[in-house]
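Colleague: Got a structure for you, written out below as structure tokens; questions coming shortly.
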Amino acid sequence: MELISIAAFTDNYIWMLHDGVDAIVVDPGDAAPVIAALKAHSLRLAAILVTHHHGDHVGGIADLRHLLVGKVYGPAREQIPQPCVSVHAGESLTLLGLDFSVIDVPGHTSGHIAFFLADCDDGKAPILFCGDTLFSAGCGRLFEGTPAQMHTSLQRLAKLPGNTRVCCAHEYTLSNLRFAQAIAPAGPALTRYVAWCEAQRAQGLPTLPSTLATELQVNPFLRCTEPDIVAAATARAATLNPTEPLAADSDPVAVFATLRQWKNDFR
Ligand code: ZN
Ligand code: FE
């Protein structure tokens, strides 16, 4: 199984998984780069997976239908261009002989799902397609969900195996890392990761997929109980709202909510 990131728009990635004959694509916001990749590798389009309803994730489906030999699979609780097979959390679907499990990750949108492939059948690490929920060193904006929902969703993903290849739908890593470095003193893992990501981008290469183990070290949104992150959020909340500061032993959802709002305001 080959995993490829297809660049689309300014910073999207459309992920493609193929066995040399058939391909699965995830969140095809644009058809043209997918068609080009199918041609370049002489592949058939066997299935489309969709994590959520945003245009930059579903916009290419209509123009891919005529090439599609299989089906479109999308979140049961969102409106995806029809026809589409609705999939629910806990369900597993078998495509190209691989078992994908569906994980509920509301927050960015209310019905957002992720697809997890525990066994790629080739001894390689598991794969997570997480759309706009988990980014490298960051997370998606809360358009439809609450901080509590998003925090729970991220914690759900955080429990997957550490070697999981994290396939996010956007190249936001460097900007996320600037935030991560600004809010708390950077440890050696963060410093090393920044240098690696800068080198990748300088060569025009993706920083993705990341791994879950890396994210647990560098992603502030997964580290809401770590003392450095709690301290940063507590100080930030005290500045913004002196009458209602976070408790020093603040609960992780309050820390997460403070971080997410802070990132929205961060330039
Ligand atoms: Zn989105
Ligand atoms: Fe997006």
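For the structure tokens, the naming scheme is as follows: chains receive sequential letters (A, B, ...) according to their order of presentation, residues are indexed from 1 within each chain, and ligands are indexed from 1 in presentation order.
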Within 12 Å of ligand 1, which residues show up when you count only C-alpha atoms and all ligand atoms? List them as a JSON list (two decimals) with all heavy atoms, in the first residue's frame, please.
Modeller:
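Contents of the output file out_24.json:
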```json
[["chain", "number", "residue", "atom", "x", "y", "z"],
["A", 12, "ASN", "N", -4.20, 22.61, 1.26],
["A", 12, "ASN", "CA", -4.88, 21.33, 1.53],
["A", 12, "ASN", "C", -4.05, 20.15, 1.07],
["A", 12, "ASN", "O", -3.26, 20.27, 0.12],
["A", 12, "ASN", "CB", -6.22, 21.25, 0.77],
["A", 12, "ASN", "CG", -7.33, 22.04, 1.44],
["A", 12, "ASN", "OD1", -7.30, 23.26, 1.45],
["A", 12, "ASN", "ND2", -8.31, 21.32, 1.97],
["A", 13, "TYR", "N", -4.25, 19.01, 1.73],
["A", 13, "TYR", "CA", -3.75, 17.73, 1.23],
["A", 13, "TYR", "C", -4.93, 16.81, 1.01],
["A", 13, "TYR", "O", -5.78, 16.66, 1.90],
["A", 13, "TYR", "CB", -2.79, 17.06, 2.20],
["A", 13, "TYR", "CG", -1.45, 17.76, 2.32],
["A", 13, "TYR", "CD1", -0.99, 18.18, 3.57],
["A", 13, "TYR", "CD2", -0.66, 18.00, 1.20],
["A", 13, "TYR", "CE1", 0.23, 18.82, 3.69],
["A", 13, "TYR", "CE2", 0.56, 18.65, 1.32],
["A", 13, "TYR", "CZ", 1.00, 19.05, 2.56],
["A", 13, "TYR", "OH", 2.21, 19.69, 2.68],
["A", 27, "ASP", "N", -11.17, 13.14, 1.19],
["A", 27, "ASP", "CA", -11.48, 14.57, 1.17],
["A", 27, "ASP", "C", -11.01, 15.28, -0.11],
["A", 27, "ASP", "O", -10.24, 16.25, -0.06],
["A", 27, "ASP", "CB", -10.87, 15.28, 2.40],
["A", 27, "ASP", "CG", -11.60, 14.95, 3.69],
["A", 27, "ASP", "OD1", -12.67, 14.29, 3.62],
["A", 27, "ASP", "OD2", -11.11, 15.35, 4.76],
["A", 29, "GLY", "N", -11.24, 17.86, -2.21],
["A", 29, "GLY", "CA", -11.83, 19.19, -2.37],
["A", 29, "GLY", "C", -11.78, 19.66, -3.80],
["A", 29, "GLY", "O", -12.59, 20.49, -4.23],
["A", 50, "VAL", "N", -14.85, 10.71, 3.07],
["A", 50, "VAL", "CA", -15.08, 12.12, 3.40],
["A", 50, "VAL", "C", -15.17, 12.27, 4.93],
["A", 50, "VAL", "O", -15.91, 11.54, 5.58],
["A", 50, "VAL", "CB", -16.38, 12.63, 2.75],
["A", 50, "VAL", "CG1", -16.68, 14.07, 3.17],
["A", 50, "VAL", "CG2", -16.29, 12.55, 1.23],
["A", 51, "THR", "N", -14.40, 13.23, 5.47],
["A", 51, "THR", "CA", -14.41, 13.42, 6.93],
["A", 51, "THR", "C", -15.45, 14.44, 7.40],
["A", 51, "THR", "O", -15.97, 14.33, 8.50],
["A", 51, "THR", "CB", -13.03, 13.89, 7.45],
["A", 51, "THR", "OG1", -12.71, 15.18, 6.87],
["A", 51, "THR", "CG2", -11.93, 12.88, 7.09],
["A", 52, "HIS", "N", -15.71, 15.45, 6.57],
["A", 52, "HIS", "CA", -16.72, 16.45, 6.96],
["A", 52, "HIS", "C", -17.15, 17.25, 5.74],
["A", 52, "HIS", "O", -16.58, 17.12, 4.66],
["A", 52, "HIS", "CB", -16.21, 17.34, 8.10],
["A", 52, "HIS", "CG", -15.08, 18.27, 7.74],
["A", 52, "HIS", "ND1", -13.82, 17.83, 7.43],
["A", 52, "HIS", "CD2", -15.03, 19.63, 7.65],
["A", 52, "HIS", "CE1", -13.05, 18.87, 7.18],
["A", 52, "HIS", "NE2", -13.75, 19.98, 7.30],
["A", 53, "HIS", "N", -18.16, 18.09, 5.93],
["A", 53, "HIS", "CA", -18.89, 18.65, 4.79],
["A", 53, "HIS", "C", -18.27, 19.89, 4.14],
["A", 53, "HIS", "O", -18.79, 20.39, 3.15],
["A", 53, "HIS", "CB", -20.34, 18.97, 5.23],
["A", 53, "HIS", "CG", -20.43, 20.10, 6.22],
["A", 53, "HIS", "ND1", -20.46, 21.42, 5.83],
["A", 53, "HIS", "CD2", -20.48, 20.11, 7.57],
["A", 53, "HIS", "CE1", -20.54, 22.19, 6.92],
["A", 53, "HIS", "NE2", -20.55, 21.42, 7.99],
["A", 54, "HIS", "N", -17.20, 20.42, 4.66],
["A", 54, "HIS", "CA", -16.66, 21.67, 4.11],
["A", 54, "HIS", "C", -16.24, 21.53, 2.64],
["A", 54, "HIS", "O", -15.74, 20.48, 2.22],
["A", 54, "HIS", "CB", -15.47, 22.16, 4.95],
["A", 54, "HIS", "CG", -15.91, 22.77, 6.26],
["A", 54, "HIS", "ND1", -15.06, 22.92, 7.32],
["A", 54, "HIS", "CD2", -17.11, 23.27, 6.66],
["A", 54, "HIS", "CE1", -15.72, 23.49, 8.34],
["A", 54, "HIS", "NE2", -16.96, 23.70, 7.95],
["A", 55, "GLY", "N", -16.43, 22.63, 1.91],
["A", 55, "GLY", "CA", -16.18, 22.65, 0.47],
["A", 55, "GLY", "C", -14.79, 22.22, 0.06],
["A", 55, "GLY", "O", -14.62, 21.56, -0.98],
["A", 56, "ASP", "N", -13.79, 22.58, 0.86],
["A", 56, "ASP", "CA", -12.42, 22.21, 0.49],
["A", 56, "ASP", "C", -12.14, 20.72, 0.74],
["A", 56, "ASP", "O", -11.02, 20.25, 0.54],
["A", 56, "ASP", "CB", -11.39, 23.10, 1.22],
["A", 56, "ASP", "CG", -11.41, 22.94, 2.73],
["A", 56, "ASP", "OD1", -12.52, 22.90, 3.31],
["A", 56, "ASP", "OD2", -10.33, 22.86, 3.35],
["A", 57, "HIS", "N", -13.19, 19.98, 1.16],
["A", 57, "HIS", "CA", -13.05, 18.53, 1.37],
["A", 57, "HIS", "C", -13.98, 17.71, 0.47],
["A", 57, "HIS", "O", -13.76, 16.52, 0.28],
["A", 57, "HIS", "CB", -13.30, 18.19, 2.85],
["A", 57, "HIS", "CG", -12.31, 18.85, 3.77],
["A", 57, "HIS", "ND1", -11.31, 18.16, 4.40],
["A", 57, "HIS", "CD2", -12.14, 20.16, 4.09],
["A", 57, "HIS", "CE1", -10.56, 19.02, 5.10],
["A", 57, "HIS", "NE2", -11.05, 20.24, 4.93],
["A", 58, "VAL", "N", -15.05, 18.37, -0.03],
["A", 58, "VAL", "CA", -16.03, 17.64, -0.85],
["A", 58, "VAL", "C", -16.19, 18.21, -2.27],
["A", 58, "VAL", "O", -16.84, 17.60, -3.11],
["A", 58, "VAL", "CB", -17.44, 17.60, -0.18],
["A", 58, "VAL", "CG1", -17.36, 16.97, 1.21],
["A", 58, "VAL", "CG2", -18.06, 19.00, -0.09],
["A", 59, "GLY", "N", -15.57, 19.37, -2.52],
["A", 59, "GLY", "CA", -15.82, 20.10, -3.78],
["A", 59, "GLY", "C", -15.46, 19.36, -5.05],
["A", 59, "GLY", "O", -15.97, 19.69, -6.12],
["A", 106, "PRO", "N", -16.38, 15.06, 16.67],
["A", 106, "PRO", "CA", -17.06, 16.35, 16.51],
["A", 106, "PRO", "C", -16.23, 17.49, 17.13],
["A", 106, "PRO", "O", -15.43, 17.26, 18.03],
["A", 106, "PRO", "CB", -18.37, 16.16, 17.27],
["A", 106, "PRO", "CG", -18.08, 15.12, 18.29],
["A", 106, "PRO", "CD", -17.09, 14.18, 17.63],
["A", 107, "GLY", "N", -16.45, 18.69, 16.62],
["A", 107, "GLY", "CA", -15.76, 19.87, 17.16],
["A", 107, "GLY", "C", -15.54, 20.89, 16.06],
["A", 107, "GLY", "O", -16.10, 21.99, 16.09],
["A", 108, "HIS", "N", -14.75, 20.54, 15.05],
["A", 108, "HIS", "CA", -14.57, 21.43, 13.89],
["A", 108, "HIS", "C", -15.92, 21.59, 13.20],
["A", 108, "HIS", "O", -16.38, 22.70, 12.94],
["A", 108, "HIS", "CB", -13.52, 20.82, 12.98],
["A", 108, "HIS", "CG", -13.27, 21.59, 11.71],
["A", 108, "HIS", "ND1", -12.68, 22.82, 11.67],
["A", 108, "HIS", "CD2", -13.55, 21.28, 10.40],
["A", 108, "HIS", "CE1", -12.60, 23.25, 10.41],
["A", 108, "HIS", "NE2", -13.12, 22.33, 9.63],
["A", 109, "THR", "N", -16.55, 20.44, 12.89],
["A", 109, "THR", "CA", -17.96, 20.42, 12.49],
["A", 109, "THR", "C", -18.65, 19.42, 13.41],
["A", 109, "THR", "O", -17.99, 18.61, 14.06],
["A", 109, "THR", "CB", -18.15, 20.00, 11.02],
["A", 109, "THR", "OG1", -17.65, 18.67, 10.85],
["A", 109, "THR", "CG2", -17.44, 20.95, 10.06],
["A", 110, "SER", "N", -19.98, 19.46, 13.42],
["A", 110, "SER", "CA", -20.68, 18.67, 14.43],
["A", 110, "SER", "C", -20.71, 17.17, 14.14],
["A", 110, "SER", "O", -20.87, 16.37, 15.04],
["A", 110, "SER", "CB", -22.10, 19.19, 14.61],
["A", 110, "SER", "OG", -22.80, 19.09, 13.39],
["A", 111, "GLY", "N", -20.54, 16.81, 12.84],
["A", 111, "GLY", "CA", -20.58, 15.38, 12.51],
["A", 111, "GLY", "C", -19.26, 14.83, 12.00],
["A", 111, "GLY", "O", -19.22, 13.75, 11.41],
["A", 112, "HIS", "N", -18.19, 15.57, 12.21],
["A", 112, "HIS", "CA", -16.86, 15.20, 11.69],
["A", 112, "HIS", "C", -16.48, 13.78, 12.13],
["A", 112, "HIS", "O", -16.63, 13.43, 13.29],
["A", 112, "HIS", "CB", -15.84, 16.21, 12.23],
["A", 112, "HIS", "CG", -14.55, 16.29, 11.46],
["A", 112, "HIS", "ND1", -13.76, 15.19, 11.18],
["A", 112, "HIS", "CD2", -13.91, 17.35, 10.91],
["A", 112, "HIS", "CE1", -12.69, 15.59, 10.51],
["A", 112, "HIS", "NE2", -12.76, 16.90, 10.33],
["A", 113, "ILE", "N", -15.97, 13.00, 11.17],
["A", 113, "ILE", "CA", -15.47, 11.66, 11.50],
["A", 113, "ILE", "C", -14.02, 11.54, 11.04],
["A", 113, "ILE", "O", -13.54, 12.34, 10.23],
["A", 113, "ILE", "CB", -16.31, 10.53, 10.84],
["A", 113, "ILE", "CG1", -16.40, 10.71, 9.33],
["A", 113, "ILE", "CG2", -17.71, 10.46, 11.47],
["A", 113, "ILE", "CD1", -17.06, 9.55, 8.59],
["A", 130, "CYS", "N", -7.58, 12.27, 9.56],
["A", 130, "CYS", "CA", -8.33, 13.00, 10.59],
["A", 130, "CYS", "C", -8.89, 14.32, 10.11],
["A", 130, "CYS", "O", -9.41, 15.10, 10.92],
["A", 130, "CYS", "CB", -7.45, 13.20, 11.82],
["A", 130, "CYS", "SG", -5.83, 13.88, 11.47],
["A", 131, "GLY", "N", -8.84, 14.59, 8.80],
["A", 131, "GLY", "CA", -9.49, 15.80, 8.26],
["A", 131, "GLY", "C", -8.99, 17.06, 8.93],
["A", 131, "GLY", "O", -7.78, 17.29, 9.02],
["A", 132, "ASP", "N", -9.92, 17.87, 9.42],
["A", 132, "ASP", "CA", -9.57, 19.14, 10.07],
["A", 132, "ASP", "C", -9.74, 19.06, 11.59],
["A", 132, "ASP", "O", -10.04, 20.05, 12.24],
["A", 132, "ASP", "CB", -10.46, 20.28, 9.53],
["A", 132, "ASP", "CG", -10.10, 20.66, 8.10],
["A", 132, "ASP", "OD1", -9.13, 20.10, 7.54],
["A", 132, "ASP", "OD2", -10.81, 21.52, 7.53],
["A", 133, "THR", "N", -9.56, 17.87, 12.16],
["A", 133, "THR", "CA", -9.68, 17.74, 13.62],
["A", 133, "THR", "C", -8.32, 17.93, 14.27],
["A", 133, "THR", "O", -8.11, 18.86, 15.04],
["A", 133, "THR", "CB", -10.29, 16.38, 14.00],
["A", 133, "THR", "OG1", -11.61, 16.32, 13.46],
["A", 133, "THR", "CG2", -10.36, 16.19, 15.52],
["A", 134, "LEU", "N", -7.39, 17.04, 13.94],
["A", 134, "LEU", "CA", -6.03, 17.13, 14.47],
["A", 134, "LEU", "C", -5.11, 17.60, 13.35],
["A", 134, "LEU", "O", -5.10, 17.01, 12.27],
["A", 134, "LEU", "CB", -5.60, 15.74, 14.97],
["A", 134, "LEU", "CG", -4.17, 15.58, 15.48],
["A", 134, "LEU", "CD1", -3.89, 16.48, 16.69],
["A", 134, "LEU", "CD2", -3.90, 14.11, 15.83],
["A", 135, "PHE", "N", -4.37, 18.67, 13.61],
["A", 135, "PHE", "CA", -3.31, 19.09, 12.69],
["A", 135, "PHE", "C", -1.98, 18.85, 13.38],
["A", 135, "PHE", "O", -1.93, 18.67, 14.60],
["A", 135, "PHE", "CB", -3.44, 20.58, 12.34],
["A", 135, "PHE", "CG", -4.66, 20.90, 11.53],
["A", 135, "PHE", "CD1", -5.53, 21.92, 11.92],
["A", 135, "PHE", "CD2", -4.95, 20.19, 10.37],
["A", 135, "PHE", "CE1", -6.65, 22.21, 11.17],
["A", 135, "PHE", "CE2", -6.08, 20.48, 9.62],
["A", 135, "PHE", "CZ", -6.94, 21.49, 10.02],
["A", 139, "CYS", "N", -4.89, 22.10, 16.02],
["A", 139, "CYS", "CA", -6.18, 21.43, 15.81],
["A", 139, "CYS", "C", -7.08, 22.37, 15.02],
["A", 139, "CYS", "O", -6.78, 23.55, 14.87],
["A", 139, "CYS", "CB", -6.83, 21.04, 17.14],
["A", 139, "CYS", "SG", -7.51, 22.41, 18.07],
["A", 140, "GLY", "N", -8.19, 21.84, 14.54],
["A", 140, "GLY", "CA", -9.12, 22.63, 13.74],
["A", 140, "GLY", "C", -9.84, 23.67, 14.57],
["A", 140, "GLY", "O", -9.93, 23.57, 15.79],
["A", 141, "ARG", "N", -10.35, 24.68, 13.87],
["A", 141, "ARG", "CA", -11.17, 25.69, 14.54],
["A", 141, "ARG", "C", -12.51, 25.09, 14.92],
["A", 141, "ARG", "O", -12.99, 24.16, 14.28],
["A", 141, "ARG", "CB", -11.43, 26.88, 13.60],
["A", 141, "ARG", "CG", -10.26, 27.79, 13.44],
["A", 141, "ARG", "CD", -10.61, 28.87, 12.41],
["A", 141, "ARG", "NE", -9.44, 29.71, 12.15],
["A", 141, "ARG", "CZ", -9.20, 30.87, 12.77],
["A", 141, "ARG", "NH1", -10.07, 31.35, 13.66],
["A", 141, "ARG", "NH2", -8.13, 31.57, 12.50],
["A", 142, "LEU", "N", -13.12, 25.67, 15.93],
["A", 142, "LEU", "CA", -14.42, 25.17, 16.38],
["A", 142, "LEU", "C", -15.53, 25.92, 15.65],
["A", 142, "LEU", "O", -16.02, 26.94, 16.12],
["A", 142, "LEU", "CB", -14.57, 25.37, 17.89],
["A", 142, "LEU", "CG", -13.46, 24.76, 18.73],
["A", 142, "LEU", "CD1", -13.75, 24.92, 20.22],
["A", 142, "LEU", "CD2", -13.29, 23.28, 18.41],
["A", 143, "PHE", "N", -15.93, 25.43, 14.48],
["A", 143, "PHE", "CA", -16.99, 26.08, 13.73],
["A", 143, "PHE", "C", -18.37, 25.66, 14.24],
["A", 143, "PHE", "O", -19.29, 26.46, 14.28],
["A", 143, "PHE", "CB", -16.87, 25.77, 12.23],
["A", 143, "PHE", "CG", -15.74, 26.50, 11.57],
["A", 143, "PHE", "CD1", -14.69, 25.81, 10.99],
["A", 143, "PHE", "CD2", -15.72, 27.89, 11.52],
["A", 143, "PHE", "CE1", -13.64, 26.48, 10.37],
["A", 143, "PHE", "CE2", -14.68, 28.58, 10.91],
["A", 143, "PHE", "CZ", -13.64, 27.86, 10.33],
["A", 144, "GLU", "N", -18.52, 24.41, 14.57],
["A", 144, "GLU", "CA", -19.85, 23.92, 14.96],
["A", 144, "GLU", "C", -19.88, 23.28, 16.34],
["A", 144, "GLU", "O", -20.95, 23.03, 16.88],
["A", 144, "GLU", "CB", -20.35, 22.90, 13.92],
["A", 144, "GLU", "CG", -20.52, 23.51, 12.53],
["A", 144, "GLU", "CD", -20.81, 22.45, 11.45],
["A", 144, "GLU", "OE1", -21.11, 21.30, 11.80],
["A", 144, "GLU", "OE2", -20.71, 22.81, 10.26],
["A", 168, "CYS", "N", -3.25, 14.68, 8.16],
["A", 168, "CYS", "CA", -4.12, 15.84, 8.34],
["A", 168, "CYS", "C", -4.45, 16.42, 6.98],
["A", 168, "CYS", "O", -3.73, 16.21, 6.00],
["A", 168, "CYS", "CB", -3.40, 16.92, 9.15],
["A", 168, "CYS", "SG", -2.43, 16.30, 10.54],
["A", 169, "ALA", "N", -5.51, 17.21, 6.91],
["A", 169, "ALA", "CA", -5.96, 17.74, 5.62],
["A", 169, "ALA", "C", -5.37, 19.10, 5.27],
["A", 169, "ALA", "O", -5.66, 19.64, 4.21],
["A", 169, "ALA", "CB", -7.49, 17.80, 5.58],
["A", 170, "HIS", "N", -4.54, 19.67, 6.15],
["A", 170, "HIS", "CA", -3.93, 20.96, 5.82],
["A", 170, "HIS", "C", -2.47, 21.00, 6.27],
["A", 170, "HIS", "O", -2.10, 20.43, 7.29],
["A", 170, "HIS", "CB", -4.67, 22.12, 6.50],
["A", 170, "HIS", "CG", -6.03, 22.39, 5.95],
["A", 170, "HIS", "ND1", -6.24, 23.24, 4.88],
["A", 170, "HIS", "CD2", -7.24, 21.91, 6.30],
["A", 170, "HIS", "CE1", -7.54, 23.28, 4.61],
["A", 170, "HIS", "NE2", -8.18, 22.48, 5.46]]
```
Colleague: Using DSSP on the backbone coordinates, identify the residues of region 45-188 of chain A assigned to strand (DSSP E); present them as number ranges by chain.
Modeller: A: 45-49, 68-75, 85-87, 92-95, 98-104, 113-117, 127-131, 134-135, 138-139, 165-168
Colleague: Restricting it to N, CA and C atoms, dump the selection as a compact mmCIF listing (two decimals), in the first residue's frame.
Modeller:
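To be explicit, this is the file written out as again14.txt:
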```
# COMPACT_ATOMS: atom_id res chain seq x y z
N LEU A 45 -10.01 4.72 -9.53
CA LEU A 45 -10.53 5.32 -8.29
C LEU A 45 -11.57 4.37 -7.69
N ALA A 46 -11.19 3.72 -6.58
CA ALA A 46 -12.03 2.66 -6.01
C ALA A 46 -12.99 3.18 -4.94
N ALA A 47 -12.65 4.25 -4.28
CA ALA A 47 -13.53 4.77 -3.23
C ALA A 47 -13.09 6.18 -2.84
N ILE A 48 -14.07 6.92 -2.31
CA ILE A 48 -13.79 8.25 -1.77
C ILE A 48 -14.24 8.26 -0.32
N LEU A 49 -13.38 8.70 0.58
CA LEU A 49 -13.74 8.86 1.99
C LEU A 49 -13.85 10.35 2.29
N LEU A 68 -15.21 7.03 -10.71
CA LEU A 68 -15.33 6.23 -9.49
C LEU A 68 -15.99 4.88 -9.78
N VAL A 69 -15.27 3.77 -9.46
CA VAL A 69 -15.86 2.45 -9.66
C VAL A 69 -16.58 1.98 -8.38
N GLY A 70 -16.24 2.58 -7.24
CA GLY A 70 -16.87 2.21 -5.97
C GLY A 70 -17.80 3.31 -5.48
N LYS A 71 -17.72 3.57 -4.19
CA LYS A 71 -18.67 4.50 -3.58
C LYS A 71 -17.98 5.63 -2.82
N VAL A 72 -18.82 6.61 -2.45
CA VAL A 72 -18.39 7.69 -1.57
C VAL A 72 -18.88 7.34 -0.17
N TYR A 73 -18.00 7.42 0.82
CA TYR A 73 -18.38 7.14 2.21
C TYR A 73 -18.19 8.42 3.02
N GLY A 74 -19.26 8.85 3.68
CA GLY A 74 -19.16 10.12 4.43
C GLY A 74 -19.88 10.05 5.76
N PRO A 75 -19.70 11.09 6.56
CA PRO A 75 -20.28 11.11 7.91
C PRO A 75 -21.80 11.09 7.88
N VAL A 85 -22.61 6.85 0.91
CA VAL A 85 -22.91 5.86 1.94
C VAL A 85 -22.59 6.49 3.30
N SER A 86 -23.59 6.57 4.16
CA SER A 86 -23.38 7.16 5.49
C SER A 86 -22.68 6.17 6.40
N VAL A 87 -21.62 6.62 7.04
CA VAL A 87 -20.94 5.74 7.98
C VAL A 87 -20.97 6.34 9.38
N SER A 92 -17.00 -0.46 10.83
CA SER A 92 -15.76 -0.59 10.09
C SER A 92 -16.11 -0.92 8.65
N LEU A 93 -15.32 -0.38 7.72
CA LEU A 93 -15.60 -0.67 6.33
C LEU A 93 -14.37 -1.28 5.68
N THR A 94 -14.62 -2.23 4.82
CA THR A 94 -13.53 -2.93 4.17
C THR A 94 -13.39 -2.44 2.74
N LEU A 95 -12.23 -1.88 2.43
CA LEU A 95 -11.96 -1.36 1.09
C LEU A 95 -10.58 -1.83 0.67
N LEU A 98 -8.74 -3.79 3.12
CA LEU A 98 -8.27 -3.16 4.37
C LEU A 98 -9.47 -2.76 5.21
N ASP A 99 -9.34 -2.92 6.53
CA ASP A 99 -10.44 -2.56 7.44
C ASP A 99 -10.23 -1.18 8.03
N PHE A 100 -11.09 -0.25 7.62
CA PHE A 100 -11.05 1.10 8.17
C PHE A 100 -12.07 1.21 9.28
N SER A 101 -11.69 1.75 10.43
CA SER A 101 -12.71 2.00 11.44
C SER A 101 -13.03 3.49 11.47
N VAL A 102 -14.28 3.76 11.80
CA VAL A 102 -14.78 5.13 11.80
C VAL A 102 -14.80 5.63 13.24
N ILE A 103 -14.23 6.82 13.44
CA ILE A 103 -14.17 7.42 14.78
C ILE A 103 -14.92 8.75 14.75
N ASP A 104 -15.74 8.97 15.75
CA ASP A 104 -16.47 10.22 15.88
C ASP A 104 -15.56 11.29 16.44
N ILE A 113 -15.97 13.00 11.17
CA ILE A 113 -15.47 11.66 11.50
C ILE A 113 -14.02 11.54 11.04
N ALA A 114 -13.34 10.53 11.59
CA ALA A 114 -11.98 10.21 11.14
C ALA A 114 -11.98 8.74 10.74
N PHE A 115 -11.04 8.38 9.88
CA PHE A 115 -10.90 6.99 9.44
C PHE A 115 -9.56 6.47 9.92
N PHE A 116 -9.60 5.30 10.56
CA PHE A 116 -8.37 4.73 11.12
C PHE A 116 -8.14 3.35 10.52
N LEU A 117 -6.93 3.16 10.05
CA LEU A 117 -6.53 1.89 9.46
C LEU A 117 -5.45 1.29 10.35
N ILE A 127 -2.59 4.06 9.96
CA ILE A 127 -2.84 5.34 9.31
C ILE A 127 -4.13 5.96 9.86
N LEU A 128 -4.06 7.25 10.14
CA LEU A 128 -5.25 7.99 10.57
C LEU A 128 -5.52 9.12 9.58
N PHE A 129 -6.73 9.14 9.04
CA PHE A 129 -7.17 10.28 8.23
C PHE A 129 -8.08 11.12 9.11
N CYS A 130 -7.58 12.27 9.56
CA CYS A 130 -8.33 13.00 10.59
C CYS A 130 -8.89 14.32 10.11
N GLY A 131 -8.84 14.59 8.80
CA GLY A 131 -9.49 15.80 8.26
C GLY A 131 -8.99 17.06 8.93
N LEU A 134 -7.39 17.04 13.94
CA LEU A 134 -6.03 17.13 14.47
C LEU A 134 -5.11 17.60 13.35
N PHE A 135 -4.37 18.67 13.61
CA PHE A 135 -3.31 19.09 12.69
C PHE A 135 -1.98 18.85 13.38
N GLY A 138 -1.30 21.38 16.06
CA GLY A 138 -2.50 22.21 16.24
C GLY A 138 -3.77 21.39 16.12
N CYS A 139 -4.89 22.10 16.02
CA CYS A 139 -6.18 21.43 15.81
C CYS A 139 -7.08 22.37 15.02
N ARG A 165 0.47 6.95 11.60
CA ARG A 165 0.77 8.04 10.68
C ARG A 165 -0.44 8.97 10.63
N VAL A 166 -0.23 10.21 11.03
CA VAL A 166 -1.33 11.16 11.15
C VAL A 166 -1.43 11.98 9.86
N CYS A 167 -2.51 11.72 9.11
CA CYS A 167 -2.70 12.36 7.81
C CYS A 167 -3.74 13.47 7.95
N CYS A 168 -3.25 14.68 8.16
CA CYS A 168 -4.12 15.84 8.34
C CYS A 168 -4.45 16.42 6.98
```
Colleague: Taking the DSSP secondary structure from the backbone, can you list the residues of region 26-248 of chain A that are helix (DSSP H, G or I), as a ChimeraX atom specification?
Modeller: /A:32-40,55-58,61-67,147-158,173-183,188-202,212-218,220-222,227-240
Colleague: With only C-alpha atoms and all ligand atoms as the atoms that count, which of A:Glu171, A:Glu78, A:Pro83, A:Leu154 lies nearest to ligand 2?
Modeller: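 Going through A:Glu171, A:Glu78, A:Pro83, A:Leu154 one by one, the smallest distance to ligand 2 is for A:Glu171.
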